[in-house]
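A.B. asks: Sending over a structure as structure tokens; questions will come in a sec.
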2 protein chains.
Amino acid sequence: MTKAEALELVYEKIKVGKVLGMMSSLEHWDAATLGVPEKSVAERGMAAGWVSGENFKRFIAPDTLEAIETLEAFNNELDEYERAMVREIGQAYRKFKAVPPEEFEKFSALTSQAQVVWEKARKERDYEMIQPYYEKVLEFQRRRCDWYGYDKHPYDALLDDYEKGATVEMLDKFFDPLREKIIPLLKKIMENGKKPKEISGSFDLNKQRLLMPWLTDIVGYDRTRGKVGEVAHPFCTTITRNDVRITTKYHEDSLLSAVYSIIHECGHAIYEQNMREDMGKYSLDECASMGMHESQSRLYENMIGRSRAFAERLLPRLKEHFDYFADWDEDMLYRAINIAKPSLIRIEADELTYSLHIMVRYELEKAMITGDIKVADLPGLWSDKYNEIIGLRPNDLADGVLQDVHWSMGAIGYFPSYAVGTAYGAQMMSTIKKSIDVDAAIRNEDLSPVTEWLKKNVHEQGALLLPDDLLIKATGEPFNPKYYTDYLSEKFTGLYL
Amino acid sequence: MTKAEALELVYEKIKVGKVLGMMSSLEHWDAATLGVPEKSVAERGMAAGWVSGENFKRFIAPDTLEAIETLEAFNNELDEYERAMVREIGQAYRKFKAVPPEEFEKFSALTSQAQVVWEKARKERDYEMIQPYYEKVLEFQRRRCDWYGYDKHPYDALLDDYEKGATVEMLDKFFDPLREKIIPLLKKIMENGKKPKEISGSFDLNKQRLLMPWLTDIVGYDRTRGKVGEVAHPFCTTITRNDVRITTKYHEDSLLSAVYSIIHECGHAIYEQNMREDMGKYSLDECASMGMHESQSRLYENMIGRSRAFAERLLPRLKEHFDYFADWDEDMLYRAINIAKPSLIRIEADELTYSLHIMVRYELEKAMITGDIKVADLPGLWSDKYNEIIGLRPNDLADGVLQDVHWSMGAIGYFPSYAVGTAYGAQMMSTIKKSIDVDAAIRNEDLSPVTEWLKKNVHEQGALLLPDDLLIKATGEPFNPKYYTDYLSEKFTGLYL
């Protein structure tokens, strides 16, 4: 195979992969926004499975490896885009190929069953029901660490699935300062902190909907190149970079829920909308990592959306639609959008405590992978870890060890990317603030200086660089979790103490 | 290839074809109901094209022919489903294969361009703009008649694309009595007929929407196995037989438009919903023909929805929502839903004149195919034919020869299936009325006896039989257009004379 032939072959695979990916996204959007009639579920699932299976089959075909190896041999003759393309595809290919096909098939069958069992187990608070599935998932993932190989810690092989380049060494350096600084801070807040007034009451759904265009405009989401839907669990999905869709869910009893889910999903969406079209050919018009995606959504949601300056702009909108806020001032709102307290459910956690929830899971997964703890002991260990880190024990399995779907999906190593992303965002924001008056931009309701910085330094970079290299280029240094702990300490000390 | 291998191969092709078909349907539904952002159109079109091209490529692969020939050799050992499957696939395969691939490709490129040009030509009333495209389409289709072959008339080869088994001989027998009986009837109505009051005014869209569930229930459309959307041009699309979706469009100034588009699309939808699941394996869970599909929609729309009995049930609903009808009685409504008059636009034509619009096109196409008329002369010939058959001349090209998209799509032979379907419905209704009191069923608002008959005799038959064989089995005789002309004559004589 010549270099030109290899490039052509890879480009063609990427093109077809994009088509099949687009079909999967449309299928998912349709199912989530309109629902699938019960009697159509099986046939629909079979079809969706065929599409992703076909995509996988085409990718994993032997000619892909031949093309990769050909291009690797010509590495010095490739330009930076081609080189990044080969790096991305080569790594993904070898990770898949490291697993014997019959094991992969068994694992796929196991996890599709396990997710159904998990739903039931959680509902019935029955750990024994799911335990054998978790054990098999763990056994497979432990073997996969060996199949794929690792430098220092077996968990590294799995972390890299979700956050390229992430290792136990890096994550320990991330979680240790959180443990040292944030846990005591939370304790202090609970003991001596001010008690902010919380927003409570019933908020008309149609009035809430009126806030949506303003919120999406603030983030810079281009609604003419996408759509906003309503579903039970908000998400962002990309059909093409010119058709990036977000969804939200309005709750009568929780005004902030939709406000912040919209900002969050818009943060994801502008990352996708701002990708460079000419990088599509190389499949580099994709996020650098899951953590990098999360960095964008959380930067907007928390560092901008929960800032004092944003509270100043949000308050008049709330007053306009809801009499409830007649007596509120900016300070009250700023505090109300930053309620920090220990809680049991990760997905409902506030900005201060969110990463502590991830810490629980990180420590448990790390010890599971080495065999230091057993699946059978997870419910008790979970309760102990929550008590140690958050200061609360679960009431039952549903708000304890059975709250997350991830392990039944077979995903071990996924959680840390959520927390790491938040910290990426803090590091970026620290750099941004050196040249841009972010608070003034928010007060002007014109975030374009911030968005332009992110567009240039993050969005348009796509998957060209590994996360750490992207951070070096954008902020001048590799991942440094200090920005995140400093940001949290300063913000919440100011708010509460 | 053994018989078992051939069957397996065909079943697998059918399965994959269904998956890709489902993806195409979802893509189409999404585009029609939500619209595609302008900047996403090209990429989206490329993806949709890839999916249908992939479907075609898999079907047309040489192993399909090998399987067909193997199964044809075992014809006596096949059961009726296998035999029908081989008949359907064999015919489709050979029709495609009759066209040299490079000609097929040229034709595809031509027609995708021609549709864009047609839009522009119609808007600018410029026939010369589209004429060379029509000429190339005609040239290709005339050659295709030879490539594929025919017994008596070259047009037969094209008619069969849309209506299996249709021939010039059959269609002449259909259109001749229409010409003899319906054209004079229309003339008499225009000269001496009563002048019914037409519905006019402005009708609140939300009130119109309240009629939808009642209308769909009457037809027996199962909304839990589908969805009702709103789009510019109503259609019915099948994701799976348990997810059959219809759309409608509400017009403030035309109350009847949505009412009858809903009934019409529900007629299509129940055909799809009532297919037998076990026939999916053979790809026989599909309509017997386009005409057969149209027979169901038009039977419900016209023979039921525009009946005197239906007017009796519709009137109280209209009175409930619209003060406009306060002074109306059943007779007035019955006449108002059956306004018959000469018109220029096919898709807006009434029940009496609809097939006359098709007659114009049939006669022109037949003469084009034999070379008796030239594309350059179509505008004038169109005007003459409309004058001769309908009694009106177009005002310009947009309500004349450029009104339909079909020829720019490359479709010659398509139109007759619309009219033939209506006549199938009349033949069925004549049989149904021998054992079922249809008017009583409508007055009871319980059409299940009718729907059950259609389900058993038409819907559940799928594509097992050719249209004519289906009619013989269901009604005891082959296609007989007399039922249709008799029905029209009787109904409109009663209404107007």
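Ligands are numbered from 1 in the order shown, chains are lettered A, B, ... in the order of the structure tokens, and residues start at 1 in each chain.
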If you take only C-alpha atoms and a cut-off of 9 Å, which residues of chain B touch chain A, and what are their nearest atom pairs and distances in Å to one decimal, in chain and number order, as CSV?
C.D. replies:
residue,atom,partner,partner_atom,distance
B:Val16,CA,A:Trp50,CA,8.1
B:Lys18,CA,A:Ala47,CA,8.2
B:Val19,CA,A:Ala47,CA,5.1
B:Leu20,CA,A:Ala47,CA,8.1
B:Met22,CA,A:Ala47,CA,7.7
B:Met23,CA,A:Met23,CA,6.4
B:Ser24,CA,A:Met23,CA,8.5
B:Leu26,CA,A:Glu27,CA,6.9
B:Glu27,CA,A:Leu26,CA,6.9
B:Asp30,CA,A:Asp30,CA,7.7
B:Leu34,CA,A:Lys227,CA,8.4
B:Val36,CA,A:Asp243,CA,7.6
B:Pro37,CA,A:Arg225,CA,5.5
B:Glu38,CA,A:Arg225,CA,7.9
B:Lys39,CA,A:Asn242,CA,5.9
B:Ser40,CA,A:Asn242,CA,5.1
B:Val41,CA,A:Asn242,CA,8.9
B:Glu43,CA,A:Thr240,CA,7.4
B:Arg44,CA,A:Thr240,CA,7.6
B:Met46,CA,A:Val19,CA,8.3
B:Ala47,CA,A:Val19,CA,5.1
B:Ala48,CA,A:Val19,CA,8.0
B:Trp50,CA,A:Val19,CA,7.4
B:Val51,CA,A:Val19,CA,7.9
B:Thr224,CA,A:Pro37,CA,6.4
B:Arg225,CA,A:Pro37,CA,5.5
B:Gly226,CA,A:Pro37,CA,6.9
B:Lys227,CA,A:Leu34,CA,8.4
B:Ile239,CA,A:Arg44,CA,8.4
B:Thr240,CA,A:Ser40,CA,6.5
B:Arg241,CA,A:Ser40,CA,7.7
B:Asn242,CA,A:Ser40,CA,5.1
B:Asp243,CA,A:Ser40,CA,6.2
A.B. asks: May I have the selected residues written with C-alpha atoms, as a PDB file, in the first residue's frame?
C.D. replies:
ATOM      1  CA  VAL B  16     -29.943  -5.087   6.275  1.00  0.00           C
ATOM      2  CA  LYS B  18     -34.749  -2.856   6.382  1.00  0.00           C
ATOM      3  CA  VAL B  19     -32.188  -1.319   8.724  1.00  0.00           C
ATOM      4  CA  LEU B  20     -30.912   1.064   6.067  1.00  0.00           C
ATOM      5  CA  MET B  22     -35.370   2.625   8.613  1.00  0.00           C
ATOM      6  CA  MET B  23     -32.416   5.011   8.830  1.00  0.00           C
ATOM      7  CA  SER B  24     -33.509   6.702   5.607  1.00  0.00           C
ATOM      8  CA  LEU B  26     -35.818   8.549  10.210  1.00  0.00           C
ATOM      9  CA  GLU B  27     -33.592  10.946   8.317  1.00  0.00           C
ATOM     10  CA  ASP B  30     -36.336  14.507  10.898  1.00  0.00           C
ATOM     11  CA  LEU B  34     -37.620  19.840  12.014  1.00  0.00           C
ATOM     12  CA  VAL B  36     -32.247  20.967   8.062  1.00  0.00           C
ATOM     13  CA  PRO B  37     -30.124  24.043   8.847  1.00  0.00           C
ATOM     14  CA  GLU B  38     -29.071  25.586   5.545  1.00  0.00           C
ATOM     15  CA  LYS B  39     -25.374  25.099   6.228  1.00  0.00           C
ATOM     16  CA  SER B  40     -25.959  21.433   7.018  1.00  0.00           C
ATOM     17  CA  VAL B  41     -27.847  20.616   3.817  1.00  0.00           C
ATOM     18  CA  GLU B  43     -23.354  17.161   4.311  1.00  0.00           C
ATOM     19  CA  ARG B  44     -26.753  15.826   5.259  1.00  0.00           C
ATOM     20  CA  MET B  46     -24.322  13.355   1.122  1.00  0.00           C
ATOM     21  CA  ALA B  47     -25.047  11.133   4.137  1.00  0.00           C
ATOM     22  CA  ALA B  48     -28.610  10.367   3.068  1.00  0.00           C
ATOM     23  CA  TRP B  50     -24.674   7.261   1.010  1.00  0.00           C
ATOM     24  CA  VAL B  51     -27.271   5.271   2.943  1.00  0.00           C
ATOM     25  CA  THR B 224     -49.559   4.504  20.334  1.00  0.00           C
ATOM     26  CA  ARG B 225     -47.755   2.857  17.414  1.00  0.00           C
ATOM     27  CA  GLY B 226     -46.827   6.051  15.620  1.00  0.00           C
ATOM     28  CA  LYS B 227     -46.823   9.807  15.792  1.00  0.00           C
ATOM     29  CA  ILE B 239     -40.089   3.495  10.696  1.00  0.00           C
ATOM     30  CA  THR B 240     -41.278   0.028  11.715  1.00  0.00           C
ATOM     31  CA  ARG B 241     -44.783  -1.424  11.452  1.00  0.00           C
ATOM     32  CA  ASN B 242     -45.116  -0.439  15.089  1.00  0.00           C
ATOM     33  CA  ASP B 243     -43.970   3.121  14.462  1.00  0.00           C
TER      34      ASP B 243
END
A.B. asks: DSSP on the backbone, strand (DSSP E) only: what residues of stretch 186-389 of chain B does that give? Format it as an MDAnalysis selection string.
C.D. replies: chainID B and resid 226:230 236:240 243:248
A.B. asks: Residues as selected, C-alpha atoms, written as a CSV table (one decimal), in the first residue's frame, can you do that?
C.D. replies:
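Listed below is the output, part33.csv:
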chain,number,residue,atom,x,y,z
B,226,GLY,CA,-46.8,6.1,15.6
B,227,LYS,CA,-46.8,9.8,15.8
B,228,VAL,CA,-48.6,12.7,14.2
B,229,GLY,CA,-46.4,15.6,13.1
B,230,GLU,CA,-47.0,18.9,11.3
B,236,CYS,CA,-46.9,9.0,5.9
B,237,THR,CA,-43.7,7.2,6.7
B,238,THR,CA,-42.9,3.8,8.2
B,239,ILE,CA,-40.1,3.5,10.7
B,240,THR,CA,-41.3,0.0,11.7
B,243,ASP,CA,-44.0,3.1,14.5
B,244,VAL,CA,-45.9,4.5,11.5
B,245,ARG,CA,-46.0,8.2,11.4
B,246,ILE,CA,-48.2,10.7,9.6
B,247,THR,CA,-48.1,14.4,9.2
B,248,THR,CA,-50.6,17.1,8.4
A.B. asks: Of the candidates A:Glu191, A:Asp396, A:Glu286, A:Asp468, which shows the shortest atom-to-atom distance to A:Asp126, using only C-alpha atoms?
C.D. replies: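 Smallest separation from A:Asp126 among the options: A:Asp396.
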A.B. asks: For B:Leu314, find every residue with an atom within 10 Å (counting only C-alpha atoms), except residues of its own chain fewer than 3 positions away, and show them as a list of chain:residue names.
C.D. replies: B:Leu211, B:Trp214, B:Leu215, B:Val259, B:Gly305, B:Arg306, B:Arg308, B:Ala309, B:Phe310, B:Ala311, B:Arg317, B:Leu318, B:Lys319, B:Glu330, B:Leu333, B:Tyr334
A.B. asks: Pick out the residues sitting within 10 Å of A:Gly90, and hand them over as a PyMOL selection string; count only C-alpha atoms, and ignore anything fewer than 6 positions along from it in its own chain.
C.D. replies: chain A and resi 64-65+67-69+71-72+84
A.B. asks: If we count only C-alpha atoms, what is near A:Ala61 at a cut-off of 12 Å, once residues fewer than 6 positions away on the same chain are taken out, given as a list in words?
C.D. replies: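 These residues fall inside the cut-off: Leu9, Val10, Lys13, Glu54, Asn55, Ala67, Ile68, Tyr93, Arg94, Phe96 and Lys97 of chain A.
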A.B. asks: Just how far from atom CA of B:Ser112 is atom CA of B:Tyr133, in Å to one decimal?
C.D. replies: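 Computing the Euclidean distance for atom CA of B:Tyr133 and atom CA of B:Ser112 yields 10.6 Å.
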A.B. asks: Env of B:Ile432: 8 Å cut, atoms = only C-alpha atoms, seq-sep filter 6 positions within chain, self excluded. Answer as number ranges by chain.
C.D. replies: B: 438, 450, 453
A.B. asks: Write a file of the just-selected residues containing C-alpha atoms, as an mmCIF file, in the first residue's frame.
C.D. replies:
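Result file follows (part_16.cif):
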data_model
loop_
_atom_site.group_PDB
_atom_site.id
_atom_site.type_symbol
_atom_site.label_atom_id
_atom_site.label_comp_id
_atom_site.auth_asym_id
_atom_site.auth_seq_id
_atom_site.Cartn_x
_atom_site.Cartn_y
_atom_site.Cartn_z
ATOM 1 C CA VAL B 438 -70.877 0.821 5.800
ATOM 2 C CA VAL B 450 -64.703 -2.113 7.256
ATOM 3 C CA TRP B 453 -62.224 -6.482 5.973
#
A.B. asks: Please list as a list in words every residue within 12 Å of A:Ser200, counting only C-alpha atoms and excluding residues in the same chain fewer than 6 positions away.
C.D. replies: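 My reading of the contact set: His251, Glu252, Asp253, Ser254, Leu255, Leu256, Ser257, Tyr324, Phe325, Ala336 and Ile337 of chain A.
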A.B. asks: Between atom CA of B:Glu312 and atom CA of B:Arg335, what is the distance, to one decimal in Å?
C.D. replies: 11.7 Å
A.B. asks: Point out the residue among A:Pro177, A:Pro62, A:Gly17, A:Pro132 with the least atom-to-atom distance to A:Leu488, counting only C-alpha atoms.
C.D. replies: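 Among the listed residues, the smallest separation from A:Leu488 belongs to A:Pro177.
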A.B. asks: Go ahead and compute the interatomic distance for atom CA of A:Tyr127 and atom CA of A:Asp399, in Å to one decimal.
C.D. replies: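 Taking atom CA of A:Tyr127 as the start and atom CA of A:Asp399 as the end point, the length is 12.5 Å.
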A.B. asks: So that I can check the secondary structure, give me every residue of stretch 314-456 of chain A assigned alpha helix (DSSP H) by backbone DSSP, as a VMD selection string.
C.D. replies: chain A and resid 314 to 321 330 to 336 354 to 370 378 to 389 415 to 435 438 to 443 448 to 456
